[in-house]
Structures are given as structure tokens and as C-alpha cells.
file model.cif (mmCIF, C-alpha atoms)
data_upload
loop_
_atom_site.group_PDB
_atom_site.id
_atom_site.type_symbol
_atom_site.label_atom_id
_atom_site.label_comp_id
_atom_site.auth_asym_id
_atom_site.auth_seq_id
_atom_site.Cartn_x
_atom_site.Cartn_y
_atom_site.Cartn_z
ATOM 1 C CA MET X 20 -34.884 26.268 -10.826
ATOM 2 C CA SER X 21 -31.109 25.818 -10.501
ATOM 3 C CA ILE X 22 -28.792 28.831 -10.623
ATOM 4 C CA LEU X 23 -25.900 26.607 -11.759
ATOM 5 C CA PRO X 24 -24.793 26.755 -15.404
ATOM 6 C CA ASP X 25 -26.047 23.929 -17.621
ATOM 7 C CA SER X 26 -22.451 22.717 -18.011
ATOM 8 C CA TYR X 27 -22.531 21.536 -14.390
ATOM 9 C CA PHE X 28 -25.088 18.897 -15.377
ATOM 10 C CA ILE X 29 -23.217 17.529 -18.382
ATOM 11 C CA TYR X 30 -20.926 14.563 -17.783
ATOM 12 C CA ALA X 31 -19.881 12.674 -20.886
ATOM 13 C CA LYS X 32 -19.076 9.471 -18.997
ATOM 14 C CA ARG X 33 -22.407 9.154 -17.212
ATOM 15 C CA HIS X 34 -23.766 5.672 -17.863
ATOM 16 C CA ALA X 35 -24.485 2.446 -16.027
ATOM 17 C CA GLY X 36 -21.446 1.036 -14.236
ATOM 18 C CA PRO X 37 -18.074 2.728 -13.615
ATOM 19 C CA ASP X 38 -17.225 5.947 -15.462
ATOM 20 C CA HIS X 39 -14.050 4.378 -16.847
ATOM 21 C CA ALA X 40 -13.057 1.273 -18.788
ATOM 22 C CA HIS X 41 -10.453 -0.092 -16.364
ATOM 23 C CA TYR X 42 -12.757 -2.776 -14.949
ATOM 24 C CA PRO X 43 -16.466 -3.628 -15.216
ATOM 25 C CA ALA X 44 -19.085 -3.317 -12.503
ATOM 26 C CA SER X 45 -18.863 -6.638 -10.687
ATOM 27 C CA PRO X 46 -20.376 -7.239 -7.229
ATOM 28 C CA ILE X 47 -18.119 -9.427 -5.121
ATOM 29 C CA ILE X 48 -20.907 -11.948 -4.517
ATOM 30 C CA ASN X 49 -20.945 -12.745 -8.260
ATOM 31 C CA ARG X 50 -17.216 -13.587 -8.519
ATOM 32 C CA ALA X 51 -15.691 -16.976 -9.016
ATOM 33 C CA PRO X 52 -13.985 -18.200 -5.806
ATOM 34 C CA ILE X 53 -10.256 -17.552 -5.493
ATOM 35 C CA ALA X 54 -7.788 -20.157 -4.232
ATOM 36 C CA LEU X 55 -5.268 -19.395 -1.470
ATOM 37 C CA PRO X 56 -2.278 -21.536 -0.405
ATOM 38 C CA SER X 57 -3.180 -24.685 1.558
ATOM 39 C CA GLY X 58 -6.854 -24.138 0.779
ATOM 40 C CA ALA X 59 -7.072 -21.342 3.374
ATOM 41 C CA LYS X 60 -10.215 -19.252 3.731
ATOM 42 C CA LEU X 61 -8.395 -16.063 4.786
ATOM 43 C CA GLY X 62 -5.162 -14.635 3.450
ATOM 44 C CA LEU X 63 -3.142 -12.003 5.339
ATOM 45 C CA TRP X 64 -1.155 -9.626 3.130
ATOM 46 C CA VAL X 65 1.116 -7.193 4.972
ATOM 47 C CA VAL X 66 2.720 -4.227 3.189
ATOM 48 C CA VAL X 67 5.586 -2.242 4.753
ATOM 49 C CA PRO X 68 6.408 1.102 3.073
ATOM 50 C CA LEU X 69 10.082 2.096 3.251
ATOM 51 C CA GLU X 70 9.863 5.836 2.637
ATOM 52 C CA PHE X 71 12.216 8.780 2.302
ATOM 53 C CA PHE X 72 10.863 12.163 3.432
ATOM 54 C CA PRO X 73 12.774 15.188 2.076
ATOM 55 C CA LEU X 74 13.627 17.706 4.761
ATOM 56 C CA ASN X 75 12.250 20.610 2.716
ATOM 57 C CA PRO X 76 9.366 19.197 0.613
ATOM 58 C CA SER X 77 7.636 21.219 -2.079
ATOM 59 C CA GLY X 78 4.272 19.747 -1.042
ATOM 60 C CA GLN X 79 3.054 19.645 -4.653
ATOM 61 C CA PRO X 80 0.311 18.858 -5.457
ATOM 62 C CA PHE X 81 -0.163 18.096 -1.742
ATOM 63 C CA LYS X 82 1.878 16.940 1.219
ATOM 64 C CA ALA X 83 2.093 13.179 1.577
ATOM 65 C CA PRO X 84 1.038 11.643 4.903
ATOM 66 C CA GLY X 85 4.001 11.876 7.244
ATOM 67 C CA ALA X 86 5.663 14.773 5.388
ATOM 68 C CA MET X 87 7.443 17.521 7.289
ATOM 69 C CA GLN X 88 5.094 19.805 9.215
ATOM 70 C CA THR X 89 7.072 22.677 10.727
ATOM 71 C CA PRO X 90 9.304 25.262 9.013
ATOM 72 C CA TYR X 91 12.635 24.118 7.604
ATOM 73 C CA PRO X 92 14.555 22.359 9.020
ATOM 74 C CA ASP X 93 11.896 20.110 10.576
ATOM 75 C CA LEU X 94 14.426 17.795 12.180
ATOM 76 C CA ARG X 95 11.944 16.450 14.718
ATOM 77 C CA HIS X 96 9.825 14.753 12.054
ATOM 78 C CA TYR X 97 12.710 14.040 9.668
ATOM 79 C CA THR X 98 14.684 12.073 12.259
ATOM 80 C CA THR X 99 11.566 10.236 13.398
ATOM 81 C CA ARG X 100 11.027 9.010 9.829
ATOM 82 C CA ASP X 101 14.726 8.137 9.530
ATOM 83 C CA TYR X 102 14.400 6.113 12.751
ATOM 84 C CA GLY X 103 11.901 3.920 10.933
ATOM 85 C CA ASN X 104 14.434 2.854 8.307
ATOM 86 C CA ARG X 105 17.340 2.562 10.768
ATOM 87 C CA VAL X 106 15.559 0.860 13.681
ATOM 88 C CA GLY X 107 11.832 0.206 13.220
ATOM 89 C CA ALA X 108 12.228 -1.777 10.001
ATOM 90 C CA TYR X 109 14.554 -4.225 11.748
ATOM 91 C CA ARG X 110 12.073 -4.714 14.578
ATOM 92 C CA LEU X 111 9.452 -5.595 11.986
ATOM 93 C CA LEU X 112 11.834 -8.019 10.253
ATOM 94 C CA LYS X 113 12.472 -9.791 13.557
ATOM 95 C CA LEU X 114 8.741 -9.922 14.338
ATOM 96 C CA PHE X 115 7.902 -11.327 10.902
ATOM 97 C CA GLY X 116 10.589 -13.967 11.366
ATOM 98 C CA LYS X 117 8.955 -15.118 14.622
ATOM 99 C CA LEU X 118 5.592 -15.336 12.894
ATOM 100 C CA GLY X 119 6.835 -17.010 9.723
ATOM 101 C CA LEU X 120 5.250 -14.139 7.800
ATOM 102 C CA ARG X 121 6.505 -13.020 4.394
ATOM 103 C CA ALA X 122 5.617 -9.369 3.892
ATOM 104 C CA THR X 123 5.827 -7.033 0.897
ATOM 105 C CA PHE X 124 8.227 -4.137 1.454
ATOM 106 C CA ALA X 125 7.283 -1.155 -0.736
ATOM 107 C CA VAL X 126 10.635 0.530 -1.343
ATOM 108 C CA GLN X 127 11.116 4.082 -2.564
ATOM 109 C CA GLY X 128 13.949 4.706 -4.971
ATOM 110 C CA ALA X 129 15.568 7.238 -2.652
ATOM 111 C CA VAL X 130 15.611 4.616 0.122
ATOM 112 C CA ALA X 131 17.243 2.046 -2.172
ATOM 113 C CA GLU X 132 19.850 4.628 -3.173
ATOM 114 C CA ARG X 133 20.600 5.761 0.390
ATOM 115 C CA TYR X 134 20.149 2.497 2.289
ATOM 116 C CA PRO X 135 20.905 -0.371 -0.137
ATOM 117 C CA GLY X 136 21.822 -2.603 2.807
ATOM 118 C CA LEU X 137 18.260 -2.378 4.119
ATOM 119 C CA VAL X 138 16.887 -3.574 0.773
ATOM 120 C CA ARG X 139 19.346 -6.485 0.766
ATOM 121 C CA ASP X 140 18.410 -7.407 4.348
ATOM 122 C CA VAL X 141 14.708 -7.440 3.444
ATOM 123 C CA LEU X 142 15.352 -9.739 0.486
ATOM 124 C CA ALA X 143 17.711 -11.957 2.485
ATOM 125 C CA ASP X 144 14.900 -12.588 4.974
ATOM 126 C CA GLY X 145 12.715 -13.882 2.137
ATOM 127 C CA HIS X 146 10.372 -10.937 1.784
ATOM 128 C CA ASN X 147 8.952 -9.527 -1.442
ATOM 129 C CA VAL X 148 9.899 -6.042 -2.672
ATOM 130 C CA CYS X 149 7.778 -3.711 -4.788
ATOM 131 C CA ALA X 150 8.449 -0.177 -6.001
ATOM 132 C CA HIS X 151 7.004 2.763 -4.055
ATOM 133 C CA GLY X 152 7.938 5.709 -6.270
ATOM 134 C CA TRP X 153 11.019 7.887 -5.874
ATOM 135 C CA ASP X 154 10.245 9.625 -2.568
ATOM 136 C CA THR X 155 7.306 11.144 -0.699
ATOM 137 C CA ASP X 156 7.710 14.484 -2.464
ATOM 138 C CA SER X 157 7.685 12.991 -5.983
ATOM 139 C CA LEU X 158 3.953 12.390 -6.218
ATOM 140 C CA HIS X 159 2.180 11.128 -9.322
ATOM 141 C CA HIS X 160 -0.634 13.315 -10.670
ATOM 142 C CA SER X 161 -2.265 14.250 -13.952
ATOM 143 C CA ALA X 162 -0.239 17.427 -14.469
ATOM 144 C CA LEU X 163 2.991 15.456 -14.864
ATOM 145 C CA SER X 164 4.330 15.085 -18.378
ATOM 146 C CA ALA X 165 4.977 11.595 -19.701
ATOM 147 C CA GLU X 166 8.708 12.334 -19.589
ATOM 148 C CA VAL X 167 8.660 13.306 -15.902
ATOM 149 C CA GLU X 168 6.380 10.496 -14.746
ATOM 150 C CA ASN X 169 8.211 7.838 -16.729
ATOM 151 C CA GLY X 170 11.393 9.235 -15.222
ATOM 152 C CA TYR X 171 10.033 8.739 -11.690
ATOM 153 C CA ILE X 172 9.098 5.162 -12.564
ATOM 154 C CA THR X 173 12.291 4.059 -14.318
ATOM 155 C CA ARG X 174 14.584 5.845 -11.856
ATOM 156 C CA THR X 175 12.839 4.039 -8.986
ATOM 157 C CA LEU X 176 13.005 0.620 -10.645
ATOM 158 C CA ASP X 177 16.670 1.157 -11.542
ATOM 159 C CA ALA X 178 17.602 2.130 -7.970
ATOM 160 C CA ILE X 179 15.885 -0.892 -6.432
ATOM 161 C CA GLN X 180 17.451 -3.224 -8.988
ATOM 162 C CA ALA X 181 20.889 -1.758 -8.278
ATOM 163 C CA ALA X 182 20.438 -2.254 -4.536
ATOM 164 C CA GLY X 183 18.816 -5.680 -4.475
ATOM 165 C CA GLY X 184 19.663 -7.292 -7.805
ATOM 166 C CA THR X 185 16.045 -7.782 -8.906
ATOM 167 C CA ARG X 186 13.735 -5.449 -10.805
ATOM 168 C CA PRO X 187 10.338 -5.060 -9.137
ATOM 169 C CA VAL X 188 7.157 -5.963 -11.013
ATOM 170 C CA GLY X 189 4.831 -4.489 -8.360
ATOM 171 C CA TRP X 190 4.021 -0.882 -7.542
ATOM 172 C CA LEU X 191 2.502 1.262 -4.796
ATOM 173 C CA SER X 192 2.472 4.994 -5.554
ATOM 174 C CA PRO X 193 3.740 7.459 -2.937
ATOM 175 C CA ALA X 194 0.702 8.565 -0.907
ATOM 176 C CA ARG X 195 -1.244 6.243 -3.247
ATOM 177 C CA ALA X 196 -1.558 9.259 -5.564
ATOM 178 C CA GLU X 197 -2.013 8.790 -9.302
ATOM 179 C CA GLY X 198 -2.745 10.736 -12.451
ATOM 180 C CA PHE X 199 -5.113 9.528 -15.156
ATOM 181 C CA ALA X 200 -2.167 8.197 -17.180
ATOM 182 C CA THR X 201 -0.245 6.556 -14.308
ATOM 183 C CA PRO X 202 -1.579 2.970 -14.636
ATOM 184 C CA ALA X 203 -0.848 2.843 -18.375
ATOM 185 C CA ARG X 204 2.658 4.199 -17.814
ATOM 186 C CA LEU X 205 3.268 1.607 -15.100
ATOM 187 C CA ALA X 206 2.177 -1.201 -17.432
ATOM 188 C CA ALA X 207 4.385 0.164 -20.223
ATOM 189 C CA ASN X 208 7.366 0.048 -17.846
ATOM 190 C CA GLY X 209 6.945 -3.638 -17.031
ATOM 191 C CA ILE X 210 4.841 -3.377 -13.870
ATOM 192 C CA ARG X 211 2.519 -6.406 -13.510
ATOM 193 C CA TRP X 212 0.550 -5.395 -10.402
ATOM 194 C CA PHE X 213 -0.223 -2.285 -8.402
ATOM 195 C CA ALA X 214 -2.034 -1.542 -5.135
ATOM 196 C CA ASP X 215 -3.185 2.082 -5.430
ATOM 197 C CA TRP X 216 -6.919 1.519 -5.910
ATOM 198 C CA ALA X 217 -9.046 0.397 -2.963
ATOM 199 C CA HIS X 218 -12.083 -0.586 -5.015
ATOM 200 C CA ASP X 219 -12.351 -4.226 -3.946
ATOM 201 C CA ASP X 220 -11.555 -6.949 -1.413
ATOM 202 C CA LEU X 221 -10.216 -9.371 -4.032
ATOM 203 C CA PRO X 222 -7.626 -9.107 -6.838
ATOM 204 C CA THR X 223 -9.063 -7.836 -10.109
ATOM 205 C CA TRP X 224 -7.805 -7.193 -13.621
ATOM 206 C CA PHE X 225 -7.248 -3.516 -14.456
ATOM 207 C CA GLN X 226 -7.179 -2.644 -18.154
ATOM 208 C CA THR X 227 -5.012 0.157 -19.548
ATOM 209 C CA ASP X 228 -4.099 1.366 -23.037
ATOM 210 C CA THR X 229 -0.699 -0.341 -22.730
ATOM 211 C CA GLY X 230 -1.797 -3.648 -21.211
ATOM 212 C CA ALA X 231 -3.488 -5.145 -18.184
ATOM 213 C CA LEU X 232 -2.363 -4.779 -14.583
ATOM 214 C CA ALA X 233 -3.437 -6.855 -11.619
ATOM 215 C CA ALA X 234 -5.039 -4.536 -9.068
ATOM 216 C CA LEU X 235 -4.266 -6.013 -5.642
ATOM 217 C CA PRO X 236 -6.527 -4.878 -2.806
ATOM 218 C CA LEU X 237 -4.785 -2.855 -0.082
ATOM 219 C CA SER X 238 -7.071 -1.345 2.541
ATOM 220 C CA ASN X 239 -6.845 2.395 3.165
ATOM 221 C CA GLU X 240 -8.567 1.968 6.510
ATOM 222 C CA LEU X 241 -6.559 -0.819 8.183
ATOM 223 C CA ASP X 242 -3.397 1.241 7.852
ATOM 224 C CA ASP X 243 -1.370 2.056 10.943
ATOM 225 C CA TRP X 244 -0.916 5.694 9.906
ATOM 226 C CA GLN X 245 -4.636 6.101 9.290
ATOM 227 C CA ILE X 246 -5.762 4.506 12.557
ATOM 228 C CA LEU X 247 -3.003 5.446 14.994
ATOM 229 C CA ILE X 248 -1.895 8.836 13.661
ATOM 230 C CA ASN X 249 -4.694 10.323 11.561
ATOM 231 C CA TYR X 250 -7.586 9.002 13.653
ATOM 232 C CA THR X 251 -5.473 9.168 16.860
ATOM 233 C CA ARG X 252 -6.838 5.877 18.160
ATOM 234 C CA PRO X 253 -4.930 3.779 20.737
ATOM 235 C CA GLU X 254 -3.095 0.623 19.772
ATOM 236 C CA HIS X 255 -5.581 -1.735 21.418
ATOM 237 C CA GLU X 256 -8.389 -0.329 19.237
ATOM 238 C CA TRP X 257 -6.370 -0.949 16.062
ATOM 239 C CA ALA X 258 -5.729 -4.512 17.233
ATOM 240 C CA THR X 259 -9.444 -4.995 17.925
ATOM 241 C CA GLN X 260 -10.377 -3.631 14.495
ATOM 242 C CA THR X 261 -7.918 -6.022 12.850
ATOM 243 C CA ALA X 262 -9.374 -8.961 14.787
ATOM 244 C CA ASP X 263 -12.931 -7.892 13.935
ATOM 245 C CA ALA X 264 -12.032 -7.657 10.254
ATOM 246 C CA ALA X 265 -10.465 -11.141 10.319
ATOM 247 C CA ASP X 266 -13.550 -12.640 11.979
ATOM 248 C CA TRP X 267 -15.941 -10.990 9.547
ATOM 249 C CA LEU X 268 -13.935 -11.942 6.473
ATOM 250 C CA LEU X 269 -13.655 -15.553 7.635
ATOM 251 C CA ASP X 270 -17.414 -15.628 8.122
ATOM 252 C CA GLU X 271 -17.940 -14.212 4.614
ATOM 253 C CA ALA X 272 -15.548 -16.765 3.163
ATOM 254 C CA GLY X 273 -17.637 -19.536 4.650
ATOM 255 C CA ARG X 274 -21.005 -18.084 3.671
ATOM 256 C CA PHE X 275 -19.997 -17.368 0.066
ATOM 257 C CA ASN X 276 -17.594 -20.307 -0.329
ATOM 258 C CA SER X 277 -14.906 -17.893 -1.517
ATOM 259 C CA PRO X 278 -11.703 -17.037 0.393
ATOM 260 C CA ARG X 279 -11.131 -13.455 1.492
ATOM 261 C CA LEU X 280 -8.113 -11.207 2.078
ATOM 262 C CA LEU X 281 -7.114 -9.108 5.076
ATOM 263 C CA THR X 282 -4.596 -6.441 4.063
ATOM 264 C CA LEU X 283 -2.573 -4.257 6.446
ATOM 265 C CA THR X 284 -0.080 -1.429 5.927
ATOM 266 C CA LEU X 285 2.619 -1.110 8.613
ATOM 267 C CA ARG X 286 5.100 1.761 8.611
ATOM 268 C CA PRO X 287 8.378 1.202 10.457
ATOM 269 C CA TYR X 288 8.295 4.664 12.037
ATOM 270 C CA VAL X 289 4.753 4.012 13.312
ATOM 271 C CA SER X 290 4.368 0.312 14.131
ATOM 272 C CA GLY X 291 8.096 -0.259 14.669
ATOM 273 C CA LEU X 292 8.216 1.844 17.833
ATOM 274 C CA PRO X 293 9.059 -0.081 21.031
ATOM 275 C CA TYR X 294 5.746 0.653 22.755
ATOM 276 C CA ARG X 295 3.736 -0.612 19.770
ATOM 277 C CA ILE X 296 5.630 -3.708 18.674
ATOM 278 C CA ARG X 297 4.162 -6.039 21.319
ATOM 279 C CA SER X 298 0.621 -5.027 20.399
ATOM 280 C CA LEU X 299 1.442 -5.584 16.729
ATOM 281 C CA TYR X 300 2.869 -9.036 17.446
ATOM 282 C CA GLU X 301 -0.220 -10.057 19.414
ATOM 283 C CA SER X 302 -2.496 -8.709 16.685
ATOM 284 C CA LEU X 303 -0.738 -10.478 13.799
ATOM 285 C CA SER X 304 -0.286 -13.734 15.679
ATOM 286 C CA GLY X 305 -3.960 -13.628 16.665
ATOM 287 C CA VAL X 306 -4.956 -13.383 13.006
ATOM 288 C CA LEU X 307 -2.558 -16.093 11.828
ATOM 289 C CA ASN X 308 -3.621 -18.456 14.629
ATOM 290 C CA ARG X 309 -7.196 -18.458 13.370
ATOM 291 C CA ALA X 310 -8.165 -21.670 11.651
ATOM 292 C CA GLU X 311 -7.790 -21.757 7.860
ATOM 293 C CA THR X 312 -5.733 -18.539 7.742
ATOM 294 C CA THR X 313 -2.433 -18.139 5.875
ATOM 295 C CA PRO X 314 0.032 -15.381 4.949
ATOM 296 C CA ALA X 315 -0.382 -14.301 1.321
ATOM 297 C CA THR X 316 2.121 -12.764 -1.082
ATOM 298 C CA PRO X 317 1.632 -10.908 -4.371
ATOM 299 C CA ASP X 318 2.670 -14.087 -6.211
ATOM 300 C CA ASP X 319 -0.114 -15.963 -4.415
ATOM 301 C CA LEU X 320 -2.621 -13.264 -5.344
ATOM 302 C CA LEU X 321 -1.516 -13.139 -8.983
ATOM 303 C CA LYS X 322 -2.115 -16.881 -9.223
ATOM 304 C CA THR X 323 -5.753 -16.328 -8.233
ATOM 305 C CA LEU X 324 -6.201 -14.191 -11.363
ATOM 306 C CA SER X 325 -4.465 -16.608 -13.724
ATOM 307 C CA ALA X 326 -6.189 -19.745 -12.441
#
call {"tool": "encode", "arguments": {"input": "model.cif", "output": "C-alpha cells"}}
result
Amino acid sequence: MSILPDSYFIYAKRHAGPDHAHYPASPIINRAPIALPSGAKLGLWVVVPLEFFPLNPSGQPFKAPGAMQTPYPDLRHYTTRDYGNRVGAYRLLKLFGKLGLRATFAVQGAVAERYPGLVRDVLADGHNVCAHGWDTDSLHHSALSAEVENGYITRTLDAIQAAGGTRPVGWLSPARAEGFATPARLAANGIRWFADWAHDDLPTWFQTDTGALAALPLSNELDDWQILINYTRPEHEWATQTADAADWLLDEAGRFNSPRLLTLTLRPYVSGLPYRIRSLYESLSGVLNRAETTPATPDDLLKTLSA
């Protein structure tokens, strides 16, 4: 006999399938095949967050990955993060140019406001820009009022538009944190796609009360912060994991006659360091040199949903 109150066993949304109405239960093996550029079997989508880390964060409702760790002023970590936007990002731009890779730079509003030249340089190199919230201490969660959360969203979009001349239609939340109302508020503010949910390996439609969003798959696991910093694994292991993922996904694409996506998150203050950039180049070039593999952009992925 349980000692827990009966209320612990009552869950109004318990039924077959997901406990929400954003998307239906749909095993990947039952999906219609997607189409990638040039008929490729594997698409590589690279996302580069350009983040601003306040020197004295509130840490509410939690500290974002990479936030300051020691008592104020934590200049050791602050300047390391600033190095990413001043130096590491330009190493990544040069590397992508060598590879012919168009990446998606997820730009925080505070970065666009402080470093508008960086946003313009990213766009001038032909890369895509999406919004990444205001900064790493302005996290989205269910306790935010509509006024505050809409303010985060519109202030971010305005700052990026002012810096780069275009208004983003894509979104990645800071720390990938959301509240229950966040997707609907994104859709209401003109966002067409977001990459917060890691529920799939292929693009899916995500229904909200204010319209549909395209949910683009962005792996939490093949993330340089996760592997190199959080899991404290060496660079060669991350490169091996990336290669293993590419091989497996290519095999799946052949067996199921449906292309697959490999998605990577690269932070300039992590992967843009001089002792990591060679390993990153070898890893990315190794993936792109595989037969029937192509870089993919959000526009490419949106086309797979509208086809």
C-alpha cells in the first residue's frame, strides 16, 4: 500500500501518445522521406551561439551553461567568453570559408547591441542568423509574464535587425530554456522555426495556439560545451563521436531510403580556441567529404516540411 497521497497518481494528460498537442506520436520509420540539396543522404547543420554573459548574473531560474562561476567580479570567465566573440568567432568564420560551409549563427540581442560589426561580418560571409534571446541571464520560463517574455523576444529581434538589417525568423532560446507559453509567443512574434526541442532527428511541425512553428532538430549531445566542458572529454573523442554519428546516420538513410541530419553546436569560446580549431576542421571536413553529404541551412530544412 502506497503512503503517497492519491493526488500523486492523478495526471489529467495521461493518455496514449505525447501529453501535449504540439505534435503527434510519430516514429521516425513511418515518416515520408525528406529531400536535401543535390539529393544528399546526409545534411550537416552547424549552429554557432553568439552569447553575452553578464558579469553578475542573477542565475534565475538557474545559471545558464557557461555563466559566471566565482564571486563578482568573475573576470576570468567573463573575459574568456568575451574572447569567443572577439577572436574565436572569426576563427570559425575562416574555417567555414575553407570548407564552403554555411552555418547558422544564433545571436543574442545583447551581442547585436554591443558588437554589431560581428553580426554584419557573419552576414557578409553568407551565413544565416537566428535569434538567441537577449542574453544568458534572461532565460525563458513559465513564471514570466506575457509582457516580460514578449519584451525579451521583441527586444532581441529589434537589436539584431538594427545591427544586420534583417529581422530573424528563427529562434534558439538561451540555455534552450522555455516556459509553457514560449512557443506560442514566438509564433505570435513572427518566428517561423525554433530549435529548442530535441525530440527528433528530422524537422517536424509544432502546433501552438498562435500558429505552427517548424521544430528543427538540434542535438543536445553533439554540442561542444556538453562533450568538451560538461563531460570533460578530449577533442579527439568528440571528433570520433561526430564521425560515428555521420556513419550511422548515412547507414540509416540508406536502409530507410530517407535522408538524415547531423546537427552540431559550436561555441566560439570553446571550439574557437587555437588548440581545438585544427581538430574541428578535420572533423567537419571528414563529415563533408563523405559521399552524398551536404551542408544544410534552415531554409533547406523548412523546404522539407513544405514539400
call {"tool": "closest_residue", "arguments": {"input": "model.cif", "among": "X:Ala86, X:Leu221, X:Ala150, X:Ala203", "to": "Val188 in chain X", "atoms": "all atoms listed in the file"}}
result
X:Ala150
call {"tool": "resolve_selection", "arguments": {"input": "model.cif", "expression": "the PyMOL selection byres ((chain X and resi 99) around 12)", "output": "list in words"}}
result
Glu70, Phe71, Phe72, Leu74, Gly85, Ala86, Met87, Asp93, Leu94, Arg95, His96, Tyr97, Thr98, Arg100, Asp101, Tyr102, Gly103, Asn104, Arg105, Val106, Gly107, Arg286, Pro287, Tyr288, Val289, Gly291 and Leu292 of chain X
call {"tool": "resolve_selection", "arguments": {"input": "model.cif", "expression": "the PyMOL selection byres ((chain X and resi 312) around 7)", "output": "list in words"}}
result
Ala59, Lys60, Leu61, Gly62, Leu307, Arg309, Ala310, Glu311 and Thr313 of chain X
call {"tool": "closest_residue", "arguments": {"input": "model.cif", "among": "X:Arg195, X:Arg121, X:Arg295, X:Lys322", "to": "Leu63 in chain X", "atoms": "only C-alpha atoms"}}
result
X:Arg121
call {"tool": "resolve_selection", "arguments": {"input": "model.cif", "expression": "the PyMOL selection byres ((chain X and resi 244) around 10)", "output": "count of residues only"}}
result
20
call {"tool": "closest_residue", "arguments": {"input": "model.cif", "among": "X:Arg252, X:Arg204, X:His160, X:His151", "to": "Ile179 in chain X", "atoms": "only C-alpha atoms"}}
result
X:His151
call {"tool": "atom_distance", "arguments": {"input": "model.cif", "atom1": "CA of Ala231 in chain X", "atom2": "CA of Ser45 in chain X"}}
result
17.2 Å
call {"tool": "closest_residue", "arguments": {"input": "model.cif", "among": "X:Ile296, X:Leu324, X:Leu280, X:Ala182", "to": "Lys113 in chain X", "atoms": "only C-alpha atoms"}}
result
X:Ile296
call {"tool": "residues_around", "arguments": {"input": "model.cif", "residues": "Gly305 in chain X", "least_positions_apart": "3", "cutoff": "10 Å", "atoms": "all atoms listed in the file", "output": "PyMOL selection string"}}
result
chain X and resi 258+261-262+265+299-302+308-309
call {"tool": "residues_near_point", "arguments": {"input": "model.cif", "point": "(-1.4, -5.9, 4.7)", "cutoff": "8 Å", "atoms": "all atoms listed in the file", "output": "list in words"}}
result
Leu63, Trp64, Val65, Val66, Val67, Ala122, Leu237, Ser238, Leu281, Thr282, Leu283, Thr284 and Leu285 of chain X
call {"tool": "axis_aligned_box", "arguments": {"input": "model.cif", "around": "range 104-116 of chain X", "padding_each_side": "6 Å", "output": "JSON"}}
result
{"center_x": 12.6, "center_y": -5.6, "center_z": 11.4, "size_x": 21.4, "size_y": 28.8, "size_z": 18.3}
call {"tool": "residues_around", "arguments": {"input": "model.cif", "residues": "range 36-39 of chain X", "least_positions_apart": "3", "cutoff": "12 Å", "atoms": "only C-alpha atoms", "output": "PyMOL selection string"}}
result
chain X and resi 30-33+42-46+199+218+225-227
